[in-house]
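**Q** Contents of my_file.cif (mmCIF, C-alpha atoms and all ligand atoms) are given next:
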data_target
#
loop_
_atom_site.label_atom_id
_atom_site.label_comp_id
_atom_site.auth_asym_id
_atom_site.auth_seq_id
_atom_site.Cartn_x
_atom_site.Cartn_y
_atom_site.Cartn_z
CA MET A 266 139.91 -12.16 -33.27
CA LYS A 267 142.76 -12.97 -30.88
CA ALA A 268 146.23 -11.88 -32.10
CA LEU A 269 148.58 -14.76 -32.76
CA LYS A 270 151.40 -15.27 -30.28
CA LYS A 271 154.68 -13.88 -31.56
CA ILE A 272 157.63 -16.24 -31.75
CA VAL A 273 161.16 -15.49 -32.91
CA ALA A 274 163.42 -18.39 -33.87
CA LEU A 275 167.10 -17.46 -33.81
CA THR A 276 168.87 -20.07 -35.90
CA GLY A 277 172.48 -20.95 -36.65
CA ALA A 278 174.51 -23.43 -38.64
CA GLY A 279 173.31 -26.37 -36.49
CA ILE A 280 169.81 -26.26 -37.96
CA SER A 281 171.23 -26.96 -41.41
CA ALA A 282 173.76 -29.59 -40.24
CA GLU A 283 171.38 -32.50 -40.85
CA SER A 284 170.84 -31.22 -44.40
CA GLY A 285 174.56 -31.79 -44.97
CA ILE A 286 175.90 -28.26 -44.50
CA MET A 287 178.92 -28.10 -42.23
CA THR A 288 178.81 -25.97 -39.09
CA PHE A 289 181.70 -23.60 -38.33
CA ARG A 290 183.01 -24.43 -34.88
CA ASP A 291 182.20 -28.12 -34.34
CA SER A 292 185.06 -30.55 -34.79
CA GLY A 293 185.52 -30.99 -38.54
CA GLY A 294 183.70 -27.68 -39.04
CA LEU A 295 184.47 -25.06 -41.70
CA TRP A 296 186.73 -22.96 -39.48
CA GLU A 297 189.02 -25.95 -38.91
CA LYS A 298 189.63 -26.20 -42.64
CA HIS A 299 189.78 -22.50 -43.48
CA GLU A 300 191.34 -19.47 -41.88
CA VAL A 301 188.36 -17.29 -40.86
CA ARG A 302 190.20 -14.04 -41.57
CA GLU A 303 191.10 -15.20 -45.08
CA VAL A 304 187.62 -16.21 -46.19
CA ALA A 305 185.16 -14.36 -43.99
CA SER A 306 186.53 -10.90 -43.26
CA ILE A 307 186.61 -7.63 -45.11
CA GLU A 308 190.43 -7.64 -44.86
CA GLY A 309 190.41 -11.05 -46.56
CA TRP A 310 188.41 -9.58 -49.44
CA ARG A 311 190.91 -6.73 -49.83
CA LYS A 312 193.85 -9.13 -49.65
CA ASN A 313 192.66 -11.99 -51.84
CA PRO A 314 189.25 -11.49 -53.46
CA GLN A 315 189.73 -14.43 -55.83
CA LEU A 316 190.12 -16.85 -52.93
CA MET A 317 186.97 -15.41 -51.32
CA LEU A 318 184.97 -15.76 -54.55
CA ARG A 319 186.08 -19.39 -54.87
CA PHE A 320 185.13 -20.14 -51.27
CA TYR A 321 181.59 -18.75 -51.60
CA ASN A 322 181.13 -20.16 -55.13
CA GLU A 323 181.81 -23.62 -53.68
CA ARG A 324 179.38 -23.08 -50.83
CA ARG A 325 176.69 -21.82 -53.21
CA LYS A 326 177.17 -24.86 -55.45
CA GLN A 327 176.90 -27.17 -52.44
CA LEU A 328 173.69 -25.43 -51.35
CA GLU A 329 172.03 -26.30 -54.65
CA GLY A 330 172.44 -29.99 -53.87
CA VAL A 331 170.97 -30.07 -50.35
CA GLU A 332 167.41 -29.95 -49.02
CA PRO A 333 165.74 -28.42 -45.97
CA ASN A 334 165.33 -30.91 -43.13
CA ALA A 335 162.50 -31.60 -40.70
CA ALA A 336 163.62 -28.78 -38.37
CA HIS A 337 163.26 -26.17 -41.14
CA HIS A 338 159.89 -27.69 -42.10
CA ILE A 339 158.56 -27.63 -38.53
CA LEU A 340 159.46 -23.93 -38.19
CA ALA A 341 157.57 -23.21 -41.42
CA GLU A 342 154.60 -25.27 -40.24
CA LEU A 343 154.45 -23.36 -36.95
CA GLU A 344 153.38 -20.28 -38.95
CA LYS A 345 149.90 -21.84 -39.11
CA LYS A 346 149.53 -21.27 -35.39
CA PHE A 347 151.96 -18.47 -34.54
CA ASP A 348 153.24 -15.17 -35.86
CA LEU A 349 156.75 -16.55 -36.35
CA THR A 350 159.83 -14.67 -37.52
CA VAL A 351 163.04 -16.52 -38.29
CA VAL A 352 166.18 -14.54 -37.48
CA THR A 353 168.98 -16.57 -39.00
CA GLN A 354 172.75 -16.30 -39.00
CA ASN A 355 172.76 -18.76 -41.88
CA VAL A 356 173.53 -17.68 -45.41
CA ASP A 357 171.77 -20.71 -46.92
CA ASN A 358 168.18 -20.52 -48.20
CA LEU A 359 166.81 -23.61 -46.47
CA HIS A 360 164.28 -21.68 -44.36
CA GLU A 361 162.86 -20.12 -47.54
CA ARG A 362 162.77 -23.46 -49.31
CA ALA A 363 160.96 -25.06 -46.35
CA GLY A 364 158.27 -22.38 -46.63
CA SER A 365 159.00 -19.88 -43.84
CA SER A 366 157.74 -16.48 -44.92
CA LYS A 367 159.28 -14.01 -42.45
CA ILE A 368 163.06 -14.39 -42.46
CA LEU A 369 165.77 -11.93 -41.48
CA HIS A 370 169.24 -12.93 -42.68
CA LEU A 371 171.71 -11.36 -40.27
CA HIS A 372 174.81 -12.49 -42.17
CA GLY A 373 173.58 -12.17 -45.75
CA GLU A 374 172.53 -14.66 -48.40
CA LEU A 375 174.58 -16.98 -50.60
CA THR A 376 172.21 -16.70 -53.56
CA LYS A 377 172.70 -12.94 -53.82
CA ALA A 378 175.59 -10.73 -54.92
CA ARG A 379 176.19 -7.06 -54.36
CA SER A 380 178.28 -4.07 -55.32
CA SER A 381 181.52 -3.75 -53.33
CA THR A 382 180.95 -0.08 -52.76
CA ASN A 383 177.17 0.14 -52.38
CA PRO A 384 175.64 -2.41 -49.97
CA GLU A 385 172.16 -1.31 -51.12
CA TRP A 386 172.73 -2.64 -54.65
CA VAL A 387 171.96 -6.34 -54.38
CA VAL A 388 171.07 -8.83 -57.10
CA ASP A 389 169.74 -12.42 -57.10
CA ILE A 390 172.24 -14.79 -58.69
CA GLY A 391 170.72 -18.14 -57.76
CA TYR A 392 173.33 -20.87 -57.61
CA ARG A 393 175.66 -19.57 -60.29
CA PRO A 394 179.27 -18.64 -59.49
CA ILE A 395 180.46 -15.03 -59.32
CA GLU A 396 183.26 -14.84 -61.88
CA TRP A 397 186.44 -12.89 -61.19
CA GLY A 398 186.16 -9.60 -63.13
CA GLU A 399 182.35 -9.29 -62.91
CA LYS A 400 181.25 -5.77 -62.08
CA ALA A 401 178.22 -4.12 -60.48
CA PRO A 402 176.60 -1.26 -62.44
CA ASP A 403 178.67 1.23 -60.42
CA GLY A 404 181.84 -0.36 -61.82
CA SER A 405 182.94 -1.95 -58.54
CA PRO A 406 183.69 -5.69 -58.33
CA LEU A 407 180.63 -7.88 -57.75
CA ARG A 408 180.99 -9.60 -54.37
CA PRO A 409 179.00 -12.16 -52.36
CA HIS A 410 176.11 -10.67 -50.36
CA ILE A 411 177.64 -11.86 -47.10
CA VAL A 412 178.26 -9.86 -43.94
CA TRP A 413 181.93 -10.40 -43.17
CA PHE A 414 183.84 -9.94 -39.95
CA GLY A 415 184.72 -6.26 -39.71
CA GLU A 416 181.44 -5.15 -41.30
CA ALA A 417 178.23 -3.77 -39.82
CA VAL A 418 175.20 -6.06 -39.51
CA PRO A 419 172.41 -4.06 -41.19
CA MET A 420 169.56 -6.33 -40.06
CA MET A 421 170.42 -6.00 -36.35
CA SER A 422 167.88 -3.33 -35.44
CA GLN A 423 165.01 -5.14 -37.18
CA ALA A 424 166.03 -8.39 -35.49
CA ALA A 425 166.33 -6.76 -32.06
CA GLU A 426 162.89 -5.22 -32.45
CA ALA A 427 161.35 -8.57 -33.42
CA ILE A 428 162.94 -10.30 -30.42
CA ALA A 429 161.89 -7.55 -28.02
CA LEU A 430 158.26 -7.98 -29.12
CA ALA A 431 158.31 -11.79 -29.01
CA ASP A 432 156.16 -13.76 -26.55
CA MET A 433 158.62 -16.62 -26.85
CA VAL A 434 162.13 -17.07 -28.27
CA LEU A 435 163.57 -20.27 -29.76
CA ILE A 436 167.32 -20.66 -30.27
CA ILE A 437 168.32 -23.49 -32.57
CA GLY A 438 171.79 -24.72 -33.53
CA THR A 439 174.01 -21.78 -32.73
CA SER A 440 177.06 -21.69 -30.49
CA LEU A 441 176.19 -18.05 -29.61
CA ASN A 442 179.82 -17.19 -30.21
CA VAL A 443 179.45 -14.42 -32.73
CA TYR A 444 178.42 -10.91 -31.77
CA PRO A 445 176.36 -8.85 -32.29
CA ALA A 446 174.03 -11.76 -33.26
CA ALA A 447 174.48 -13.60 -29.93
CA GLY A 448 173.63 -10.42 -28.01
CA LEU A 449 170.12 -10.48 -29.49
CA VAL A 450 169.06 -12.86 -26.71
CA GLU A 451 169.36 -9.94 -24.29
CA TYR A 452 166.54 -8.12 -26.09
CA ALA A 453 164.03 -10.83 -25.16
CA ALA A 454 161.37 -9.56 -22.73
CA PRO A 455 161.93 -10.85 -19.17
CA GLN A 456 158.60 -12.75 -19.23
CA ALA A 457 159.27 -14.39 -22.61
CA PRO A 458 160.34 -18.03 -22.22
CA ILE A 459 163.48 -18.97 -24.15
CA TYR A 460 163.93 -22.51 -25.50
CA LEU A 461 167.26 -23.71 -26.86
CA VAL A 462 167.79 -26.76 -29.08
CA ASP A 463 171.38 -27.97 -29.46
CA PRO A 464 173.05 -31.35 -28.93
CA ASN A 465 175.91 -29.65 -27.10
CA GLU A 466 175.94 -27.58 -23.96
CA ILE A 467 175.52 -23.87 -24.67
CA SER A 468 175.89 -21.44 -21.83
CA TYR A 469 174.28 -18.05 -21.81
CA PRO A 470 174.73 -16.51 -18.39
CA GLY A 471 172.13 -14.17 -17.01
CA ARG A 472 168.98 -15.66 -18.61
CA GLU A 473 166.95 -18.69 -17.73
CA ILE A 474 166.95 -20.90 -20.81
CA ILE A 475 164.99 -24.13 -21.20
CA THR A 476 167.38 -26.45 -22.96
CA ILE A 477 166.55 -29.40 -25.21
CA ARG A 478 169.84 -31.21 -25.77
CA GLU A 479 169.04 -32.85 -29.08
CA LYS A 480 169.83 -32.44 -32.74
CA ALA A 481 167.60 -29.93 -34.48
CA THR A 482 165.25 -32.46 -36.14
CA VAL A 483 164.57 -34.32 -32.88
CA GLY A 484 164.52 -31.20 -30.69
CA MET A 485 162.14 -29.34 -33.01
CA GLU A 486 159.73 -32.29 -32.93
CA GLN A 487 159.72 -32.01 -29.11
CA LEU A 488 159.33 -28.23 -29.25
CA LYS A 489 156.43 -28.55 -31.69
CA LYS A 490 154.59 -30.72 -29.14
CA ILE A 491 155.27 -28.18 -26.37
CA LEU A 492 154.18 -25.28 -28.55
CA THR A 493 151.02 -26.85 -29.87
CA GLU A 494 149.88 -27.23 -26.27
CA CYS A 495 150.37 -23.46 -25.72
P1 LIG B 1 178.70 -22.60 -34.99
O1 LIG B 1 179.46 -23.55 -35.85
O2 LIG B 1 179.48 -21.66 -34.15
O3 LIG B 1 177.75 -23.41 -34.01
C1 LIG B 1 176.95 -24.44 -34.49
C2 LIG B 1 176.09 -24.95 -33.36
O4 LIG B 1 175.26 -25.96 -33.90
C3 LIG B 1 176.88 -25.57 -32.20
O5 LIG B 1 176.37 -25.10 -30.98
C4 LIG B 1 176.61 -27.07 -32.36
O6 LIG B 1 176.58 -27.76 -31.10
C5 LIG B 1 175.24 -27.06 -32.99
N1 LIG B 1 174.89 -28.26 -33.78
C6 LIG B 1 175.69 -29.12 -34.44
N2 LIG B 1 174.95 -30.08 -35.04
C7 LIG B 1 173.65 -29.80 -34.76
C8 LIG B 1 172.39 -30.39 -35.10
N3 LIG B 1 172.31 -31.49 -35.86
N4 LIG B 1 171.27 -29.83 -34.63
C9 LIG B 1 171.32 -28.69 -33.85
N5 LIG B 1 172.46 -28.10 -33.50
C10 LIG B 1 173.62 -28.64 -33.95
O7 LIG B 1 177.65 -21.83 -35.95
P2 LIG B 1 176.87 -20.48 -35.69
O8 LIG B 1 176.57 -20.29 -34.25
O9 LIG B 1 175.76 -20.43 -36.66
O10 LIG B 1 179.23 -16.04 -39.68
O11 LIG B 1 177.97 -19.43 -36.13
C11 LIG B 1 177.67 -18.06 -36.15
C12 LIG B 1 178.42 -17.38 -37.26
O12 LIG B 1 179.82 -17.72 -37.19
C13 LIG B 1 178.02 -17.82 -38.66
O13 LIG B 1 176.86 -17.16 -39.13
C14 LIG B 1 179.24 -17.46 -39.47
C15 LIG B 1 180.32 -17.92 -38.53
O14 LIG B 1 181.54 -17.24 -38.63
C16 LIG B 1 179.93 -15.50 -40.68
O15 LIG B 1 180.64 -16.15 -41.40
C17 LIG B 1 179.74 -14.02 -40.82
#
Could I get this file's structure written as structure tokens?
Ligand code: OAD

**A**
Amino acid sequence: MKALKKIVALTGAGISAESGIMTFRDSGGLWEKHEVREVASIEGWRKNPQLMLRFYNERRKQLEGVEPNAAHHILAELEKKFDLTVVTQNVDNLHERAGSSKILHLHGELTKARSSTNPEWVVDIGYRPIEWGEKAPDGSPLRPHIVWFGEAVPMMSQAAEAIALADMVLIIGTSLNVYPAAGLVEYAAPQAPIYLVDPNEISYPGREIITIREKATVGMEQLKKILTEC
């Protein structure tokens, strides 16, 4: 039996935009309304953990009310024909809910909490809020299972390995502004074609990238046609 072609889809906030989740850097995006350092950095957590809990509790509550869109569903459907791994910067669970089965969350997951001192101790919390004063079994404050600025990205080596082995890489809805995630593109094999879906111009010098300048739902429909002819 012939091995399935390996595809890695590197996704960002743009793939969830049409589900109603705000991106970070577009106009009207989350980082226009909030100071990144205050709500998404380890210093922010040390300075004002209550504000951080509130911020992620709100985002978790919002997540409960939204649904995966056609772009998430197409990626899940492509598993019928390809060995597809999703490497996502998103902390939502819309890839899971659309049915993708191999997902690496580079920046953590909203529906999980963890110990503040032991990143290995992680618990599913669903959509419920983390209350101020809640503790992990080691006695440290329970915190969102999110990778904040100033912290290591534990999934990086697994993600880099997946991309290095991919026959094709898809990049969907990310401004490629945040490292080390954006640097993953460099791990793609020289012969592996890279497709990028984004309504805005994204530059990534040094690699030839086939760009589909559309929103994720429209662009993924076009990509599906291209891929099913492969
Ligand atoms: P950004 O907000 O930086 O970029 C979102 C991208 O999505 C932009 O390139 C938009 O043009 C594009 N976009 C907007 N609407 C779209 C649509 N309907 N379809 C497709 N694309 C669309 O978000 P990310 O690149 O994901 O990390 O940001 C990376 C990281 O920065 C996040 O994971 C988060 C943030 O700080 C942490 O908080 C740790």

**Q** Pick from A:Gly373, A:Pro409, A:Gly330, A:Gly293: nearest to Gln315 in chain A, with all atoms listed in the file counted?

**A**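 For Gln315 in chain A, the nearest of the given residues is A:Pro409.
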
**Q** If you count all atoms listed in the file, which residues end up within 9 Å of ligand LIG 1 (chain B), as a ChimeraX atom specification?

**A** /A:276-284,287-291,294-296,301,304-306,336,353-356,371-373,411-414,437-444,446-447,462-467,478-484

**Q** In terms of the shortest atom-to-atom distance over only C-alpha atoms, which of A:Arg324, A:Pro470, A:Pro445, A:Pro394 is closest to Gly415 in chain A?

**A**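 Counting only C-alpha atoms, the residue closest to Gly415 in chain A is A:Pro445.
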
**Q** CA of Thr376 in chain A and CA of Ala427 in chain A are how many Å apart?

**A** 24.3 Å

**Q** Given the point (161.5, -18.0, -29.4) in the coordinates of this file, which residues lie within 10 Å, counting all atoms listed in the file, and how would they look as a compact mmCIF listing (two decimals) with C-alpha atoms, keeping the file's coordinate frame?

**A**
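Listing of result-v3.txt after writing:
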# COMPACT_ATOMS: atom_id res chain seq x y z
CA LYS A 271 154.68 -13.88 -31.56
CA ILE A 272 157.63 -16.24 -31.75
CA VAL A 273 161.16 -15.49 -32.91
CA ALA A 274 163.42 -18.39 -33.87
CA LEU A 275 167.10 -17.46 -33.81
CA LEU A 349 156.75 -16.55 -36.35
CA THR A 350 159.83 -14.67 -37.52
CA VAL A 351 163.04 -16.52 -38.29
CA VAL A 352 166.18 -14.54 -37.48
CA ILE A 428 162.94 -10.30 -30.42
CA ALA A 431 158.31 -11.79 -29.01
CA ASP A 432 156.16 -13.76 -26.55
CA MET A 433 158.62 -16.62 -26.85
CA VAL A 434 162.13 -17.07 -28.27
CA LEU A 435 163.57 -20.27 -29.76
CA ILE A 436 167.32 -20.66 -30.27
CA ILE A 437 168.32 -23.49 -32.57
CA VAL A 450 169.06 -12.86 -26.71
CA ALA A 453 164.03 -10.83 -25.16
CA ALA A 457 159.27 -14.39 -22.61
CA PRO A 458 160.34 -18.03 -22.22
CA ILE A 459 163.48 -18.97 -24.15
CA TYR A 460 163.93 -22.51 -25.50
CA LEU A 461 167.26 -23.71 -26.86

**Q** With distances taken over all atoms listed in the file, which of A:Glu303, A:Ala429, A:Ile477, A:Lys326 is nearest to Pro455 in chain A?

**A**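 Closest candidate: A:Ala429.
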
**Q** Would you compute the distance between CA of Gln456 in chain A and CA of Gly364 in chain A? Give it in Å to one decimal.

**A**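 Pair CA of Gln456 in chain A / CA of Gly364 in chain A returns 29.0 Å.
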
**Q** Produce range 341-353 of chain A of the given structure as output with all heavy atoms, as a JSON list (two decimals), in the first residue's frame.

**A**
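Heads up, here's the output in selection_11.json:
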[["chain", "number", "residue", "atom", "x", "y", "z"],
["A", 341, "ALA", "N", -10.10, 18.96, 8.34],
["A", 341, "ALA", "CA", -10.42, 17.66, 8.94],
["A", 341, "ALA", "C", -10.73, 16.63, 7.84],
["A", 341, "ALA", "O", -10.28, 15.49, 7.89],
["A", 341, "ALA", "CB", -11.60, 17.81, 9.89],
["A", 342, "GLU", "N", -11.47, 17.09, 6.83],
["A", 342, "GLU", "CA", -11.86, 16.20, 5.73],
["A", 342, "GLU", "C", -10.64, 15.72, 4.93],
["A", 342, "GLU", "O", -10.62, 14.59, 4.43],
["A", 342, "GLU", "CB", -12.78, 17.04, 4.84],
["A", 342, "GLU", "CG", -13.62, 16.32, 3.84],
["A", 342, "GLU", "CD", -14.29, 17.36, 2.94],
["A", 342, "GLU", "OE1", -14.78, 18.41, 3.43],
["A", 342, "GLU", "OE2", -14.29, 17.13, 1.71],
["A", 343, "LEU", "N", -9.63, 16.57, 4.84],
["A", 343, "LEU", "CA", -8.43, 16.20, 4.07],
["A", 343, "LEU", "C", -7.69, 15.01, 4.68],
["A", 343, "LEU", "O", -6.87, 14.38, 4.03],
["A", 343, "LEU", "CB", -7.48, 17.41, 3.94],
["A", 343, "LEU", "CG", -7.92, 18.50, 2.97],
["A", 343, "LEU", "CD1", -7.03, 19.74, 3.09],
["A", 343, "LEU", "CD2", -7.91, 17.99, 1.52],
["A", 344, "GLU", "N", -8.01, 14.68, 5.93],
["A", 344, "GLU", "CA", -7.39, 13.49, 6.56],
["A", 344, "GLU", "C", -7.79, 12.20, 5.85],
["A", 344, "GLU", "O", -7.13, 11.18, 6.00],
["A", 344, "GLU", "CB", -7.79, 13.38, 8.04],
["A", 344, "GLU", "CG", -7.03, 14.34, 8.92],
["A", 344, "GLU", "CD", -7.23, 14.06, 10.40],
["A", 344, "GLU", "OE1", -7.64, 12.94, 10.77],
["A", 344, "GLU", "OE2", -6.98, 14.98, 11.20],
["A", 345, "LYS", "N", -8.90, 12.23, 5.11],
["A", 345, "LYS", "CA", -9.32, 11.02, 4.37],
["A", 345, "LYS", "C", -8.29, 10.68, 3.30],
["A", 345, "LYS", "O", -8.14, 9.55, 2.90],
["A", 345, "LYS", "CB", -10.67, 11.26, 3.69],
["A", 345, "LYS", "CG", -11.81, 11.30, 4.68],
["A", 345, "LYS", "CD", -13.13, 11.33, 3.94],
["A", 345, "LYS", "CE", -14.25, 11.76, 4.87],
["A", 345, "LYS", "NZ", -15.18, 12.68, 4.25],
["A", 346, "LYS", "N", -7.63, 11.72, 2.78],
["A", 346, "LYS", "CA", -6.73, 11.49, 1.66],
["A", 346, "LYS", "C", -5.25, 11.68, 2.00],
["A", 346, "LYS", "O", -4.38, 11.23, 1.27],
["A", 346, "LYS", "CB", -7.13, 12.45, 0.53],
["A", 346, "LYS", "CG", -6.72, 11.93, -0.80],
["A", 346, "LYS", "CD", -7.27, 12.64, -1.98],
["A", 346, "LYS", "CE", -6.49, 12.12, -3.18],
["A", 346, "LYS", "NZ", -6.05, 13.13, -4.08],
["A", 347, "PHE", "N", -4.99, 12.39, 3.10],
["A", 347, "PHE", "CA", -3.59, 12.72, 3.44],
["A", 347, "PHE", "C", -3.30, 12.41, 4.90],
["A", 347, "PHE", "O", -4.21, 12.35, 5.72],
["A", 347, "PHE", "CB", -3.34, 14.22, 3.18],
["A", 347, "PHE", "CG", -3.55, 14.64, 1.76],
["A", 347, "PHE", "CD1", -4.74, 15.23, 1.37],
["A", 347, "PHE", "CD2", -2.57, 14.42, 0.81],
["A", 347, "PHE", "CE1", -4.95, 15.62, 0.05],
["A", 347, "PHE", "CE2", -2.76, 14.80, -0.51],
["A", 347, "PHE", "CZ", -3.95, 15.39, -0.90],
["A", 348, "ASP", "N", -2.01, 12.27, 5.18],
["A", 348, "ASP", "CA", -1.56, 12.16, 6.57],
["A", 348, "ASP", "C", -1.33, 13.61, 7.03],
["A", 348, "ASP", "O", -0.27, 14.17, 6.78],
["A", 348, "ASP", "CB", -0.28, 11.33, 6.59],
["A", 348, "ASP", "CG", 0.34, 11.27, 7.97],
["A", 348, "ASP", "OD1", -0.20, 11.89, 8.91],
["A", 348, "ASP", "OD2", 1.39, 10.61, 8.10],
["A", 349, "LEU", "N", -2.36, 14.20, 7.62],
["A", 349, "LEU", "CA", -2.33, 15.65, 7.88],
["A", 349, "LEU", "C", -2.19, 15.98, 9.36],
["A", 349, "LEU", "O", -2.95, 15.49, 10.18],
["A", 349, "LEU", "CB", -3.61, 16.28, 7.32],
["A", 349, "LEU", "CG", -3.63, 17.81, 7.29],
["A", 349, "LEU", "CD1", -4.34, 18.32, 6.04],
["A", 349, "LEU", "CD2", -4.30, 18.40, 8.51],
["A", 350, "THR", "N", -1.19, 16.78, 9.66],
["A", 350, "THR", "CA", -1.01, 17.27, 11.04],
["A", 350, "THR", "C", -1.30, 18.76, 11.06],
["A", 350, "THR", "O", -0.80, 19.50, 10.21],
["A", 350, "THR", "CB", 0.46, 17.05, 11.50],
["A", 350, "THR", "OG1", 0.78, 15.67, 11.37],
["A", 350, "THR", "CG2", 0.67, 17.48, 12.95],
["A", 351, "VAL", "N", -2.11, 19.18, 12.02],
["A", 351, "VAL", "CA", -2.35, 20.61, 12.20],
["A", 351, "VAL", "C", -1.39, 21.11, 13.28],
["A", 351, "VAL", "O", -1.36, 20.56, 14.38],
["A", 351, "VAL", "CB", -3.81, 20.88, 12.65],
["A", 351, "VAL", "CG1", -4.02, 22.36, 12.95],
["A", 351, "VAL", "CG2", -4.81, 20.39, 11.60],
["A", 352, "VAL", "N", -0.61, 22.12, 12.94],
["A", 352, "VAL", "CA", 0.23, 22.78, 13.94],
["A", 352, "VAL", "C", -0.40, 24.16, 14.12],
["A", 352, "VAL", "O", -0.38, 24.97, 13.20],
["A", 352, "VAL", "CB", 1.69, 22.91, 13.45],
["A", 352, "VAL", "CG1", 2.51, 23.74, 14.43],
["A", 352, "VAL", "CG2", 2.32, 21.53, 13.26],
["A", 353, "THR", "N", -1.02, 24.38, 15.26],
["A", 353, "THR", "CA", -1.77, 25.63, 15.40],
["A", 353, "THR", "C", -1.20, 26.53, 16.49],
["A", 353, "THR", "O", -0.73, 26.05, 17.52],
["A", 353, "THR", "CB", -3.28, 25.36, 15.65],
["A", 353, "THR", "OG1", -3.97, 26.62, 15.58],
["A", 353, "THR", "CG2", -3.56, 24.69, 16.98]]
